[in-house]
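final21.cif follows (mmCIF, C-alpha atoms):
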data_final
#
loop_
_atom_site.group_PDB
_atom_site.id
_atom_site.type_symbol
_atom_site.label_atom_id
_atom_site.label_comp_id
_atom_site.auth_asym_id
_atom_site.auth_seq_id
_atom_site.Cartn_x
_atom_site.Cartn_y
_atom_site.Cartn_z
ATOM 1 C CA MET A 1 -38.708 -64.366 21.208
ATOM 2 C CA LYS A 2 -40.635 -61.662 19.371
ATOM 3 C CA ARG A 3 -41.619 -62.445 15.813
ATOM 4 C CA ASN A 4 -40.903 -60.014 13.007
ATOM 5 C CA PRO A 5 -44.279 -58.837 11.592
ATOM 6 C CA ALA A 6 -42.819 -58.554 8.094
ATOM 7 C CA ILE A 7 -41.597 -62.159 8.129
ATOM 8 C CA VAL A 8 -44.952 -63.344 9.450
ATOM 9 C CA ALA A 9 -46.810 -61.433 6.707
ATOM 10 C CA VAL A 10 -44.569 -62.788 3.941
ATOM 11 C CA SER A 11 -44.855 -66.339 5.282
ATOM 12 C CA LEU A 12 -48.627 -66.065 5.472
ATOM 13 C CA PHE A 13 -48.783 -64.712 1.938
ATOM 14 C CA MET A 14 -46.593 -67.508 0.538
ATOM 15 C CA LEU A 15 -48.591 -70.193 2.363
ATOM 16 C CA THR A 16 -51.814 -68.719 1.013
ATOM 17 C CA VAL A 17 -50.486 -68.717 -2.553
ATOM 18 C CA LEU A 18 -49.279 -72.314 -2.255
ATOM 19 C CA SER A 19 -52.619 -73.382 -0.755
ATOM 20 C CA VAL A 20 -54.509 -71.859 -3.673
ATOM 21 C CA ILE A 21 -52.182 -73.503 -6.206
ATOM 22 C CA TRP A 22 -52.532 -76.938 -4.594
ATOM 23 C CA ALA A 23 -56.268 -76.699 -3.943
ATOM 24 C CA PHE A 24 -57.332 -75.268 -7.301
ATOM 25 C CA PRO A 25 -57.073 -78.556 -9.291
ATOM 26 C CA VAL A 26 -59.256 -80.310 -6.718
ATOM 27 C CA VAL A 27 -61.816 -77.511 -6.771
ATOM 28 C CA TRP A 28 -61.817 -77.517 -10.583
ATOM 29 C CA ALA A 29 -62.278 -81.301 -10.658
ATOM 30 C CA PHE A 30 -65.190 -81.074 -8.208
ATOM 31 C CA PHE A 31 -67.132 -78.598 -10.320
ATOM 32 C CA THR A 32 -66.179 -80.315 -13.582
ATOM 33 C CA SER A 33 -67.591 -83.633 -12.384
ATOM 34 C CA PHE A 34 -71.029 -81.988 -12.196
ATOM 35 C CA LYS A 35 -70.871 -80.619 -15.739
ATOM 36 C CA SER A 36 -72.438 -82.292 -18.744
ATOM 37 C CA ASN A 37 -70.132 -83.660 -21.431
ATOM 38 C CA ASP A 38 -71.295 -81.012 -23.897
ATOM 39 C CA GLU A 39 -70.455 -78.230 -21.469
ATOM 40 C CA ILE A 40 -66.987 -79.654 -20.776
ATOM 41 C CA ALA A 41 -66.301 -79.734 -24.523
ATOM 42 C CA VAL A 42 -66.840 -75.986 -24.783
ATOM 43 C CA SER A 43 -63.513 -74.246 -25.315
ATOM 44 C CA ASP A 44 -64.090 -71.238 -23.044
ATOM 45 C CA PHE A 45 -63.107 -71.667 -19.400
ATOM 46 C CA SER A 46 -65.858 -71.750 -16.785
ATOM 47 C CA LEU A 47 -65.292 -72.948 -13.229
ATOM 48 C CA LEU A 48 -68.911 -73.298 -12.120
ATOM 49 C CA PRO A 49 -71.242 -75.499 -14.181
ATOM 50 C CA LYS A 50 -74.068 -73.723 -15.952
ATOM 51 C CA GLU A 51 -76.376 -76.638 -15.218
ATOM 52 C CA TRP A 52 -75.561 -79.025 -12.381
ATOM 53 C CA SER A 53 -75.725 -82.669 -13.437
ATOM 54 C CA THR A 54 -74.982 -85.979 -11.691
ATOM 55 C CA GLU A 55 -74.812 -87.851 -14.986
ATOM 56 C CA ASN A 56 -71.105 -88.655 -14.656
ATOM 57 C CA PHE A 57 -71.562 -90.327 -11.263
ATOM 58 C CA GLU A 58 -74.673 -92.153 -12.452
ATOM 59 C CA VAL A 59 -72.769 -93.624 -15.410
ATOM 60 C CA LEU A 60 -70.011 -94.814 -13.092
ATOM 61 C CA ILE A 61 -72.445 -96.569 -10.774
ATOM 62 C CA ARG A 62 -74.541 -98.109 -13.586
ATOM 63 C CA ASN A 63 -71.571 -99.379 -15.602
ATOM 64 C CA SER A 64 -70.436 -101.758 -12.824
ATOM 65 C CA ASP A 65 -69.569 -104.626 -15.167
ATOM 66 C CA GLN A 66 -66.782 -102.947 -17.136
ATOM 67 C CA THR A 67 -65.730 -100.298 -14.610
ATOM 68 C CA PRO A 68 -66.722 -101.461 -11.087
ATOM 69 C CA VAL A 69 -65.659 -98.315 -9.268
ATOM 70 C CA LEU A 70 -67.255 -99.341 -5.964
ATOM 71 C CA ARG A 71 -65.498 -102.699 -6.164
ATOM 72 C CA TRP A 72 -62.210 -100.922 -6.856
ATOM 73 C CA PHE A 73 -62.870 -98.688 -3.872
ATOM 74 C CA PHE A 74 -63.362 -101.728 -1.628
ATOM 75 C CA ASN A 75 -60.229 -103.416 -3.015
ATOM 76 C CA SER A 76 -58.152 -100.326 -2.303
ATOM 77 C CA PHE A 77 -59.470 -100.157 1.251
ATOM 78 C CA VAL A 78 -58.609 -103.807 1.903
ATOM 79 C CA ILE A 79 -55.123 -103.450 0.415
ATOM 80 C CA ALA A 80 -54.299 -100.149 2.135
ATOM 81 C CA SER A 81 -55.642 -101.302 5.524
ATOM 82 C CA GLY A 82 -53.903 -104.672 5.352
ATOM 83 C CA GLN A 83 -50.600 -103.146 4.310
ATOM 84 C CA THR A 84 -50.799 -100.488 7.018
ATOM 85 C CA LEU A 85 -51.489 -103.041 9.756
ATOM 86 C CA LEU A 86 -48.665 -105.295 8.582
ATOM 87 C CA VAL A 87 -46.194 -102.414 8.270
ATOM 88 C CA VAL A 88 -46.956 -101.071 11.754
ATOM 89 C CA VAL A 89 -46.458 -104.493 13.346
ATOM 90 C CA LEU A 90 -43.238 -105.251 11.468
ATOM 91 C CA VAL A 91 -41.778 -101.786 11.972
ATOM 92 C CA ALA A 92 -42.493 -101.788 15.719
ATOM 93 C CA LEU A 93 -40.927 -105.219 16.234
ATOM 94 C CA ALA A 94 -37.932 -104.565 13.965
ATOM 95 C CA SER A 95 -37.202 -101.199 15.569
ATOM 96 C CA TYR A 96 -37.186 -102.766 19.017
ATOM 97 C CA GLY A 97 -34.987 -105.625 17.840
ATOM 98 C CA TYR A 98 -32.381 -103.384 16.189
ATOM 99 C CA THR A 99 -32.099 -101.101 19.222
ATOM 100 C CA ARG A 100 -32.709 -103.247 22.306
ATOM 101 C CA LEU A 101 -31.618 -106.789 21.354
ATOM 102 C CA GLN A 102 -27.998 -107.859 21.111
ATOM 103 C CA PHE A 103 -27.196 -110.463 18.443
ATOM 104 C CA ARG A 104 -24.336 -111.177 16.075
ATOM 105 C CA GLY A 105 -24.326 -109.070 12.909
ATOM 106 C CA ARG A 106 -27.087 -106.739 14.067
ATOM 107 C CA ASP A 107 -25.442 -103.532 12.884
ATOM 108 C CA ALA A 108 -24.185 -105.137 9.663
ATOM 109 C CA ILE A 109 -27.657 -106.385 8.771
ATOM 110 C CA PHE A 110 -29.226 -103.003 9.419
ATOM 111 C CA THR A 111 -26.517 -101.237 7.394
ATOM 112 C CA PHE A 112 -27.179 -103.624 4.522
ATOM 113 C CA LEU A 113 -30.907 -102.856 4.706
ATOM 114 C CA LEU A 114 -30.210 -99.134 4.615
ATOM 115 C CA GLY A 115 -27.997 -99.701 1.583
ATOM 116 C CA THR A 116 -30.925 -101.181 -0.335
ATOM 117 C CA MET A 117 -32.572 -97.746 -0.209
ATOM 118 C CA MET A 118 -29.964 -96.519 -2.698
ATOM 119 C CA PHE A 119 -31.391 -98.662 -5.501
ATOM 120 C CA PRO A 120 -34.307 -97.293 -7.559
ATOM 121 C CA THR A 121 -37.619 -99.017 -6.962
ATOM 122 C CA VAL A 122 -38.028 -99.884 -10.647
ATOM 123 C CA LEU A 123 -35.068 -102.278 -10.423
ATOM 124 C CA ASN A 124 -37.133 -104.543 -8.177
ATOM 125 C CA LEU A 125 -40.208 -104.712 -10.390
ATOM 126 C CA ILE A 126 -39.197 -107.766 -12.418
ATOM 127 C CA PRO A 127 -37.755 -109.796 -9.481
ATOM 128 C CA ASN A 128 -40.768 -108.955 -7.339
ATOM 129 C CA TYR A 129 -43.166 -109.960 -10.095
ATOM 130 C CA LYS A 130 -41.329 -113.272 -10.582
ATOM 131 C CA ILE A 131 -41.622 -114.013 -6.861
ATOM 132 C CA VAL A 132 -45.290 -112.996 -6.692
ATOM 133 C CA ASP A 133 -46.100 -115.062 -9.777
ATOM 134 C CA MET A 134 -44.266 -118.082 -8.387
ATOM 135 C CA LEU A 135 -46.284 -117.865 -5.164
ATOM 136 C CA GLY A 136 -49.535 -117.591 -7.120
ATOM 137 C CA TRP A 137 -50.411 -114.169 -5.733
ATOM 138 C CA VAL A 138 -51.038 -112.372 -9.039
ATOM 139 C CA ASN A 139 -54.479 -110.712 -9.038
ATOM 140 C CA THR A 140 -54.778 -111.150 -5.274
ATOM 141 C CA PRO A 141 -54.416 -108.514 -2.508
ATOM 142 C CA LEU A 142 -51.310 -110.322 -1.203
ATOM 143 C CA ALA A 143 -49.447 -109.288 -4.364
ATOM 144 C CA VAL A 144 -49.616 -105.658 -3.193
ATOM 145 C CA ILE A 145 -49.798 -106.010 0.596
ATOM 146 C CA ILE A 146 -46.739 -108.199 1.189
ATOM 147 C CA PRO A 147 -44.179 -106.420 -1.074
ATOM 148 C CA GLY A 148 -45.389 -103.056 0.209
ATOM 149 C CA ALA A 149 -44.563 -104.018 3.786
ATOM 150 C CA ALA A 150 -40.820 -104.125 3.140
ATOM 151 C CA GLY A 151 -40.059 -100.440 3.540
ATOM 152 C CA VAL A 152 -36.705 -99.853 5.261
ATOM 153 C CA TYR A 153 -37.258 -96.127 5.767
ATOM 154 C CA ASN A 154 -40.093 -96.729 8.229
ATOM 155 C CA ILE A 155 -37.863 -98.985 10.326
ATOM 156 C CA PHE A 156 -35.136 -96.338 10.311
ATOM 157 C CA LEU A 157 -37.615 -93.637 11.361
ATOM 158 C CA VAL A 158 -39.037 -95.549 14.324
ATOM 159 C CA GLN A 159 -35.638 -96.921 15.314
ATOM 160 C CA GLN A 160 -34.324 -93.393 15.808
ATOM 161 C CA PHE A 161 -37.270 -92.724 18.067
ATOM 162 C CA VAL A 162 -36.675 -95.913 20.097
ATOM 163 C CA LYS A 163 -33.034 -94.908 20.564
ATOM 164 C CA GLY A 164 -34.239 -91.785 22.361
ATOM 165 C CA ILE A 165 -36.064 -93.807 25.007
ATOM 166 C CA PRO A 166 -33.839 -94.123 28.123
ATOM 167 C CA HIS A 167 -32.478 -97.614 28.781
ATOM 168 C CA GLU A 168 -33.153 -97.034 32.465
ATOM 169 C CA LEU A 169 -36.806 -97.804 31.790
ATOM 170 C CA ASP A 170 -35.826 -101.245 30.473
ATOM 171 C CA GLU A 171 -33.559 -101.918 33.428
ATOM 172 C CA ALA A 172 -36.244 -100.914 35.910
ATOM 173 C CA ALA A 173 -38.684 -103.281 34.211
ATOM 174 C CA ARG A 174 -36.162 -106.152 34.313
ATOM 175 C CA VAL A 175 -35.713 -105.605 38.027
ATOM 176 C CA ASP A 176 -39.444 -106.188 38.353
ATOM 177 C CA GLY A 177 -39.090 -109.439 36.406
ATOM 178 C CA ALA A 178 -40.240 -108.282 32.938
ATOM 179 C CA ASN A 179 -38.966 -110.069 29.847
ATOM 180 C CA HIS A 180 -38.316 -108.562 26.403
ATOM 181 C CA TRP A 181 -41.900 -109.059 25.224
ATOM 182 C CA GLN A 182 -43.342 -107.378 28.325
ATOM 183 C CA ILE A 183 -40.889 -104.493 28.020
ATOM 184 C CA PHE A 184 -41.860 -104.012 24.390
ATOM 185 C CA MET A 185 -45.619 -104.169 24.970
ATOM 186 C CA ARG A 186 -45.843 -102.175 28.220
ATOM 187 C CA ILE A 187 -43.037 -99.619 27.882
ATOM 188 C CA ILE A 188 -41.690 -99.216 24.352
ATOM 189 C CA LEU A 189 -44.901 -99.580 22.346
ATOM 190 C CA PRO A 190 -46.878 -96.863 24.202
ATOM 191 C CA LEU A 191 -43.949 -94.464 23.869
ATOM 192 C CA ILE A 192 -43.455 -94.984 20.127
ATOM 193 C CA ARG A 193 -47.131 -94.514 19.330
ATOM 194 C CA PRO A 194 -46.565 -91.036 17.816
ATOM 195 C CA ALA A 195 -43.943 -92.415 15.425
ATOM 196 C CA LEU A 196 -46.144 -95.378 14.517
ATOM 197 C CA THR A 197 -48.955 -92.938 13.791
ATOM 198 C CA VAL A 198 -46.763 -91.217 11.220
ATOM 199 C CA VAL A 199 -45.870 -94.576 9.678
ATOM 200 C CA ALA A 200 -49.509 -95.668 9.566
ATOM 201 C CA LEU A 201 -50.730 -92.467 7.916
ATOM 202 C CA PHE A 202 -47.995 -92.397 5.294
ATOM 203 C CA THR A 203 -48.350 -96.120 4.591
ATOM 204 C CA PHE A 204 -52.109 -95.948 4.097
ATOM 205 C CA THR A 205 -51.801 -92.904 1.863
ATOM 206 C CA GLY A 206 -48.994 -94.448 -0.173
ATOM 207 C CA ALA A 207 -50.820 -97.775 -0.588
ATOM 208 C CA TRP A 208 -54.036 -96.035 -1.625
ATOM 209 C CA ASN A 209 -52.312 -93.812 -4.198
ATOM 210 C CA ASP A 210 -49.915 -96.458 -5.549
ATOM 211 C CA PHE A 211 -50.317 -96.921 -9.285
ATOM 212 C CA LEU A 212 -47.328 -98.631 -10.912
ATOM 213 C CA TRP A 213 -47.036 -101.896 -8.950
ATOM 214 C CA PRO A 214 -50.804 -102.607 -8.719
ATOM 215 C CA SER A 215 -51.069 -101.975 -12.456
ATOM 216 C CA ILE A 216 -48.517 -104.752 -13.023
ATOM 217 C CA VAL A 217 -49.821 -107.441 -10.672
ATOM 218 C CA MET A 218 -53.552 -106.590 -10.921
ATOM 219 C CA THR A 219 -54.691 -107.296 -14.475
ATOM 220 C CA ASP A 220 -58.160 -108.572 -13.577
ATOM 221 C CA VAL A 221 -60.725 -105.774 -13.560
ATOM 222 C CA ALA A 222 -62.506 -107.225 -10.521
ATOM 223 C CA THR A 223 -59.362 -107.279 -8.354
ATOM 224 C CA MET A 224 -57.941 -103.870 -9.307
ATOM 225 C CA PRO A 225 -57.546 -101.077 -6.744
ATOM 226 C CA ILE A 226 -59.188 -97.811 -7.674
ATOM 227 C CA THR A 227 -56.023 -95.912 -8.662
ATOM 228 C CA PRO A 228 -54.947 -98.203 -11.540
ATOM 229 C CA GLY A 229 -58.617 -98.746 -12.355
ATOM 230 C CA LEU A 230 -58.978 -95.084 -13.257
ATOM 231 C CA GLN A 231 -56.925 -95.649 -16.393
ATOM 232 C CA LEU A 232 -59.763 -97.817 -17.717
ATOM 233 C CA LEU A 233 -62.083 -94.854 -17.371
ATOM 234 C CA GLN A 234 -59.752 -92.780 -19.505
ATOM 235 C CA GLY A 235 -59.412 -95.523 -22.074
ATOM 236 C CA GLN A 236 -63.056 -96.445 -22.408
ATOM 237 C CA TYR A 237 -64.515 -92.952 -22.092
ATOM 238 C CA GLU A 238 -62.040 -90.996 -24.177
ATOM 239 C CA THR A 239 -64.553 -88.316 -25.166
ATOM 240 C CA PHE A 240 -66.117 -88.065 -21.684
ATOM 241 C CA PRO A 241 -63.526 -86.516 -19.345
ATOM 242 C CA GLY A 242 -66.235 -85.755 -16.791
ATOM 243 C CA ILE A 243 -66.554 -89.467 -15.998
ATOM 244 C CA ALA A 244 -62.804 -89.797 -15.417
ATOM 245 C CA VAL A 245 -62.856 -86.722 -13.166
ATOM 246 C CA ALA A 246 -65.803 -88.145 -11.203
ATOM 247 C CA GLY A 247 -63.877 -91.388 -10.676
ATOM 248 C CA ALA A 248 -60.842 -89.455 -9.488
ATOM 249 C CA LEU A 249 -62.986 -87.613 -6.935
ATOM 250 C CA ILE A 250 -64.304 -90.915 -5.600
ATOM 251 C CA ALA A 251 -60.702 -92.104 -5.214
ATOM 252 C CA LEU A 252 -59.881 -88.872 -3.366
ATOM 253 C CA LEU A 253 -62.561 -89.282 -0.685
ATOM 254 C CA PRO A 254 -60.564 -91.419 1.810
ATOM 255 C CA MET A 255 -57.594 -89.062 1.638
ATOM 256 C CA LEU A 256 -59.916 -86.135 2.278
ATOM 257 C CA PHE A 257 -61.436 -87.831 5.326
ATOM 258 C CA ILE A 258 -57.981 -88.676 6.664
ATOM 259 C CA PHE A 259 -56.941 -85.047 6.323
ATOM 260 C CA LEU A 260 -60.066 -83.738 8.032
ATOM 261 C CA PHE A 261 -60.406 -86.222 10.901
ATOM 262 C CA ALA A 262 -56.792 -87.318 11.486
ATOM 263 C CA GLN A 263 -55.173 -83.902 11.133
ATOM 264 C CA LYS A 264 -54.898 -83.476 14.906
ATOM 265 C CA TYR A 265 -53.224 -86.849 15.396
ATOM 266 C CA PHE A 266 -50.981 -86.262 12.397
ATOM 267 C CA MET A 267 -49.681 -82.965 13.762
ATOM 268 C CA GLU A 268 -49.077 -84.555 17.164
ATOM 269 C CA ALA A 269 -47.266 -87.445 15.509
ATOM 270 C CA LEU A 270 -44.920 -85.118 13.633
ATOM 271 C CA SER A 271 -43.513 -84.037 16.978
ATOM 272 C CA LEU A 272 -41.753 -87.335 17.603
ATOM 273 C CA SER A 273 -40.313 -86.233 20.911
ATOM 274 C CA SER A 274 -43.834 -85.923 22.343
ATOM 275 C CA GLY A 275 -43.888 -89.660 22.973
ATOM 276 C CA ILE A 276 -41.495 -89.346 25.911
ATOM 277 C CA LYS A 277 -42.768 -87.464 28.914
#

Represent the supplied structure as structure tokens.
Amino acid sequence: MKRNPAIVAVSLFMLTVLSVIWAFPVVWAFFTSFKSNDEIAVSDFSLLPKEWSTENFEVLIRNSDQTPVLRWFFNSFVIASGQTLLVVVLVALASYGYTRLQFRGRDAIFTFLLGTMMFPTVLNLIPNYKIVDMLGWVNTPLAVIIPGAAGVYNIFLVQQFVKGIPHELDEAARVDGANHWQIFMRIILPLIRPALTVVALFTFTGAWNDFLWPSIVMTDVATMPITPGLQLLQGQYETFPGIAVAGALIALLPMLFIFLFAQKYFMEALSLSSGIK
């Protein structure tokens, strides 16, 4: 099918405009983080700094007692990695169970789980906090990792992919003497890898950028992830926006690396049908 040159030109123009709009705040923050506080306070707009300075980053590193940015960075990595690993395991097993196993009330249970998606997340904040507090998980990584692993949408996404895998593959494996666990590990799991890649990328990104729930259950400065920790930079350094911008750039680094190095796998994962050859 031949593409219309006019449509291609308009699409390219719109994508370019959107790219500039989305990228400009990041570019502005990058150059602003290298400006001195006096230069930032100047009213006239200037994208490039007149004099490059690393003072904002130096203050962040030196002031590790009140604003331990590197510690926050490590906490976020532990929480995001742990939540991603747990979500991938649970989603893979649940998707196989809801599509390949036969048990009483299977469809009713899954319908009930889908129904929970209709409720706003904020309704669960108080019950979740009560449960986390009762278990003694407040100010620990478990307070963020465990509740964040209960996403129903990820199960629904991977389940639809598992449904597309022919049942003949299961039957052929059973003829060879394979049980459910062997079928899952040797047949289903390799085929749903593209879908699990999507789940892993979105889960890690969501856990890293999450602000509301960690701000509630992480009140100790030493245990905070970096995203809620940034609010302390804004509160303590009210007249020094360059320091807050520098902290935001540090928080952005993992997402930037994921975009640069996992872009190929992400694009392959978006084509969910590529898992079945």

With the file shown as input, list the residues that the PyMOL selection byres ((chain A and resi 218) around 12) selects, as JSON, numbers by chain. {"A": [72, 75, 76, 79, 129, 132, 133, 137, 138, 139, 140, 141, 142, 143, 144, 211, 212, 213, 214, 215, 216, 217, 219, 220, 221, 222, 223, 224, 225, 226, 227, 228, 229]}

Selection above as a file: C-alpha atoms, as an mmCIF file, in the coordinates of the input:
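Contents of the output file again_26.cif:
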data_model
loop_
_atom_site.group_PDB
_atom_site.id
_atom_site.type_symbol
_atom_site.label_atom_id
_atom_site.label_comp_id
_atom_site.auth_asym_id
_atom_site.auth_seq_id
_atom_site.Cartn_x
_atom_site.Cartn_y
_atom_site.Cartn_z
ATOM 1 C CA TRP A 72 -62.210 -100.922 -6.856
ATOM 2 C CA ASN A 75 -60.229 -103.416 -3.015
ATOM 3 C CA SER A 76 -58.152 -100.326 -2.303
ATOM 4 C CA ILE A 79 -55.123 -103.450 0.415
ATOM 5 C CA TYR A 129 -43.166 -109.960 -10.095
ATOM 6 C CA VAL A 132 -45.290 -112.996 -6.692
ATOM 7 C CA ASP A 133 -46.100 -115.062 -9.777
ATOM 8 C CA TRP A 137 -50.411 -114.169 -5.733
ATOM 9 C CA VAL A 138 -51.038 -112.372 -9.039
ATOM 10 C CA ASN A 139 -54.479 -110.712 -9.038
ATOM 11 C CA THR A 140 -54.778 -111.150 -5.274
ATOM 12 C CA PRO A 141 -54.416 -108.514 -2.508
ATOM 13 C CA LEU A 142 -51.310 -110.322 -1.203
ATOM 14 C CA ALA A 143 -49.447 -109.288 -4.364
ATOM 15 C CA VAL A 144 -49.616 -105.658 -3.193
ATOM 16 C CA PHE A 211 -50.317 -96.921 -9.285
ATOM 17 C CA LEU A 212 -47.328 -98.631 -10.912
ATOM 18 C CA TRP A 213 -47.036 -101.896 -8.950
ATOM 19 C CA PRO A 214 -50.804 -102.607 -8.719
ATOM 20 C CA SER A 215 -51.069 -101.975 -12.456
ATOM 21 C CA ILE A 216 -48.517 -104.752 -13.023
ATOM 22 C CA VAL A 217 -49.821 -107.441 -10.672
ATOM 23 C CA THR A 219 -54.691 -107.296 -14.475
ATOM 24 C CA ASP A 220 -58.160 -108.572 -13.577
ATOM 25 C CA VAL A 221 -60.725 -105.774 -13.560
ATOM 26 C CA ALA A 222 -62.506 -107.225 -10.521
ATOM 27 C CA THR A 223 -59.362 -107.279 -8.354
ATOM 28 C CA MET A 224 -57.941 -103.870 -9.307
ATOM 29 C CA PRO A 225 -57.546 -101.077 -6.744
ATOM 30 C CA ILE A 226 -59.188 -97.811 -7.674
ATOM 31 C CA THR A 227 -56.023 -95.912 -8.662
ATOM 32 C CA PRO A 228 -54.947 -98.203 -11.540
ATOM 33 C CA GLY A 229 -58.617 -98.746 -12.355
#

Identify which of the residues A:Val199, A:Val88, A:Ala94, A:Ala251 lies closest to Arg106 in chain A, counting all atoms listed in the file when measuring atom-to-atom distances.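 The answer is A:Ala94, which sits nearest to Arg106 in chain A.
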
Build an axis-aligned box that encloses every atom of range 161-167 of chain A listed in the file, pad it by 4 Å on each side, and report its centre and edge lengths in Å to one decimal, as JSON.
{"center_x": -34.9, "center_y": -94.7, "center_z": 23.4, "size_x": 12.8, "size_y": 13.8, "size_z": 18.7}

For the PyMOL selection byres ((chain A and resi 91) around 10), applied here, can you spell out every residue it catches as a list in words? Leu86, Val87, Val88, Val89, Leu90, Ala92, Leu93, Ala94, Ser95, Tyr96, Gly97, Ala149, Ala150, Gly151, Val152, Tyr153, Asn154, Ile155, Phe156, Leu157, Val158, Gln159, Leu196 and Val199 of chain A

Distance of CA of Val245 in chain A from CA of Phe34 in chain A, expressed in Å to one decimal place: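 Straight-line distance from CA of Phe34 in chain A to CA of Val245 in chain A works out to 9.5 Å.
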